[in-house]
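So the structure is just underneath, and the comments pick up after that.
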Protein chains: 2
Amino acid sequence: MPRIFVRMLSKTCEYGLRAMIFIAQHSRDGKRIGISQIAEGIDSPEHFIAKILQVLGRKGIVQSIKGPNGGFYLDEKGRKCSLATIVRALDGDDLFNGCGIGLRQCSPVHPCPIHDEFKKIREDIETMLEGARIGEFTEKLDEGLLFLKRN
Amino acid sequence: MPRIFVRMLSKTCEYGLRAMIFIAQHSRDGKRIGISQIAEGIDSPEHFIAKILQVLGRKGIVQSIKGPNGGFYLDEKGRKCSLATIVRALDGDDLFNGCGIGLRQCSPVHPCPIHDEFKKIREDIETMLEGARIGEFTEKLDEGLLFLKRN
DNA sequence: ATAATAAAAGACAAAAATGTCTTTTAATCG
DNA sequence: CGATTAAAAGACATTTTTGTCTTTTATTAT
């Protein structure tokens with residue numbers, strides 16, 4: 001029996017989203033933000049989020065520079081990046097496509113019992129994640145209307 | 001990096017739902033259905049689904065009898081049981097309650113950046129799973145309009 | 001009662017996800 | 001240049017989930 005902990009997104013993905021939102025907030029005006037501050041700021045294991053950002057970095061979703069005054073930052077494209085892009089990069093797109101009860105061949109002509117119901121939900125999730133852009137959250141965070149970690 | 005395999009429900013839960021739907025279909029008129037037929041019928045590992053049904057059995061969600069002519073079956077209550085009941089029994093209710101990006105203290109007064117959007121999705125999932133009853137699928141399965149496994 | 005059947009239970013194994021530590025590479029500054 | 005800084009990469013450890021195998025218990029039929 002599972003340890004009772006189901007999530008819509010993987011931990012990797014959760015950390016990835018929080019980190020991207022955090023970086024967006026802290027890398028304005030050409031500034032960069034270091035990995036240890038990111039980890040502290042979003043309450044995640046430092047080396048774990050480092051790995052995640054490496055994946056996003058290789059895909060050009062986040063920018064980074066090594067050495068003194070180095071760190072992570074977002075370019076214009078990164079700020080406009082949708083949450084869906086990040087989810088896809090980290091969790092793949094099974095969340096948007098997969099069958100609700102795990103059948104590979106589930107399709108309109110070969111529907112599983114809850115095919116149609118799940119389809120609607122999946123579309124809503126995709127729409128929501130496609131619609132939300134990383135840069136959007138910066139302002140609300142500044143105003144203290146949103147929180148990325150406890151305290 | 002995750003092996004790219006995110007699901008809305010755990011495997012345990014997927015198998016559990018498929019098994020319950022299968023049992024509903026094959027335990028009419030006082031009949032019972034054996035674990036090996038269930039495993040074959042829903043395309044799952046036999047001993048794994050056995051464990052899952054034990055959990056559901058202890059909670060009174062599915063019935064079983066040992067020995068010759070024994071097997072699993074559903075009583076009236078079982079047939080009326082919602083998918084949500086099964087999901088809760090196997091995966092807990094984090095799916096309905098948890099924060100989208102994994103913050104424990106996420107709440108209306110302490111919202112994470114995508115709190116409101118996720119809330120709506122969660123409610124829709126819950127509504128869908130509460131609304132669908134195990135017994136509902138039997139007829140469509142009989143008519144060959146639904147499938148629990150490939151072929 | 002005994003044998004056969006079938007689920008329950010327990011122990012263990014494999015795979016995947018998550019988390020940690022160390023070494024390497026690249027950039028900057030003195 | 002050499003020293004320092006910080007990310008990248010690689011190796012490894014832990015936990016959770018998923019899957020398998022064996023033994024036990026309960027029921028039925030002979």
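Chain labels run A, B, ... following the order of the structure tokens; each chain numbers its residues from 1, and ligands are numbered from 1 in the order shown.
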Can you pull out every residue from chain B that DSSP, working from the backbone, puts in strand (DSSP E), and format the result as a list in words?
Gln63, Ser64, Ile65, Gly71, Phe72 and Tyr73 of chain B
Taking only C-alpha atoms (C1' of nucleotides) into account, find every residue of chain D that has an atom no more than 7 Å from chain B, and write it out as a ChimeraX atom specification.
/D:19,26-28
Restrict the selected residues to N, CA, C and O atoms (P, O5', C5', C4', C3', O3' and C1' of nucleotides) and save them as an mmCIF file, in the first residue's frame.
```cif
data_model
loop_
_atom_site.group_PDB
_atom_site.id
_atom_site.type_symbol
_atom_site.label_atom_id
_atom_site.label_comp_id
_atom_site.auth_asym_id
_atom_site.auth_seq_id
_atom_site.Cartn_x
_atom_site.Cartn_y
_atom_site.Cartn_z
ATOM 1 P P DG D 19 3.621 -2.483 -11.148
ATOM 2 O "O5'" DG D 19 4.403 -3.769 -10.605
ATOM 3 C "C5'" DG D 19 5.751 -3.970 -11.008
ATOM 4 C "C4'" DG D 19 6.288 -5.237 -10.342
ATOM 5 C "C3'" DG D 19 5.436 -6.490 -10.533
ATOM 6 O "O3'" DG D 19 6.244 -7.477 -11.160
ATOM 7 C "C1'" DG D 19 6.141 -6.286 -8.291
ATOM 8 P P DA D 26 -8.381 -18.730 10.155
ATOM 9 O "O5'" DA D 26 -9.428 -18.978 8.984
ATOM 10 C "C5'" DA D 26 -9.767 -17.887 8.147
ATOM 11 C "C4'" DA D 26 -10.527 -18.421 6.963
ATOM 12 C "C3'" DA D 26 -11.762 -19.240 7.323
ATOM 13 O "O3'" DA D 26 -12.835 -18.723 6.548
ATOM 14 C "C1'" DA D 26 -10.425 -20.420 5.776
ATOM 15 P P DT D 27 -14.368 -19.108 6.901
ATOM 16 O "O5'" DT D 27 -14.807 -20.043 5.708
ATOM 17 C "C5'" DT D 27 -14.709 -19.552 4.363
ATOM 18 C "C4'" DT D 27 -14.746 -20.726 3.405
ATOM 19 C "C3'" DT D 27 -15.925 -21.668 3.614
ATOM 20 O "O3'" DT D 27 -16.824 -21.459 2.533
ATOM 21 C "C1'" DT D 27 -13.902 -22.806 3.073
ATOM 22 P P DT D 28 -18.229 -22.263 2.427
ATOM 23 O "O5'" DT D 28 -17.843 -23.500 1.514
ATOM 24 C "C5'" DT D 28 -17.293 -23.276 0.225
ATOM 25 C "C4'" DT D 28 -16.858 -24.602 -0.375
ATOM 26 C "C3'" DT D 28 -17.943 -25.671 -0.368
ATOM 27 O "O3'" DT D 28 -18.195 -26.043 -1.715
ATOM 28 C "C1'" DT D 28 -15.855 -26.524 0.381
#
```
Residue hits in chain C, query chain B, radius 7 Å, only C-alpha atoms (C1' of nucleotides), as a list in words
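Contact residues on the first chain: DT5, DA6, DA7 and DA17 of chain C.
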Among the residues of chain A, find those DSSP assigns to alpha helix (DSSP H) from the backbone and print them as a PyMOL selection string.
chain A and resi 11-26+35-42+46-58+76-80+83-91+94-97+115-131+137-142
Counting only C-alpha atoms (C1' of nucleotides), what is within 10 Å of DT14 (chain D), bar same-chain residues fewer than 3 positions away, as a count of residues only?
3
Can you tell me how far CA of Leu56 (chain A) sits from C1' of DT5 (chain D), in Å to one decimal?
22.3 Å
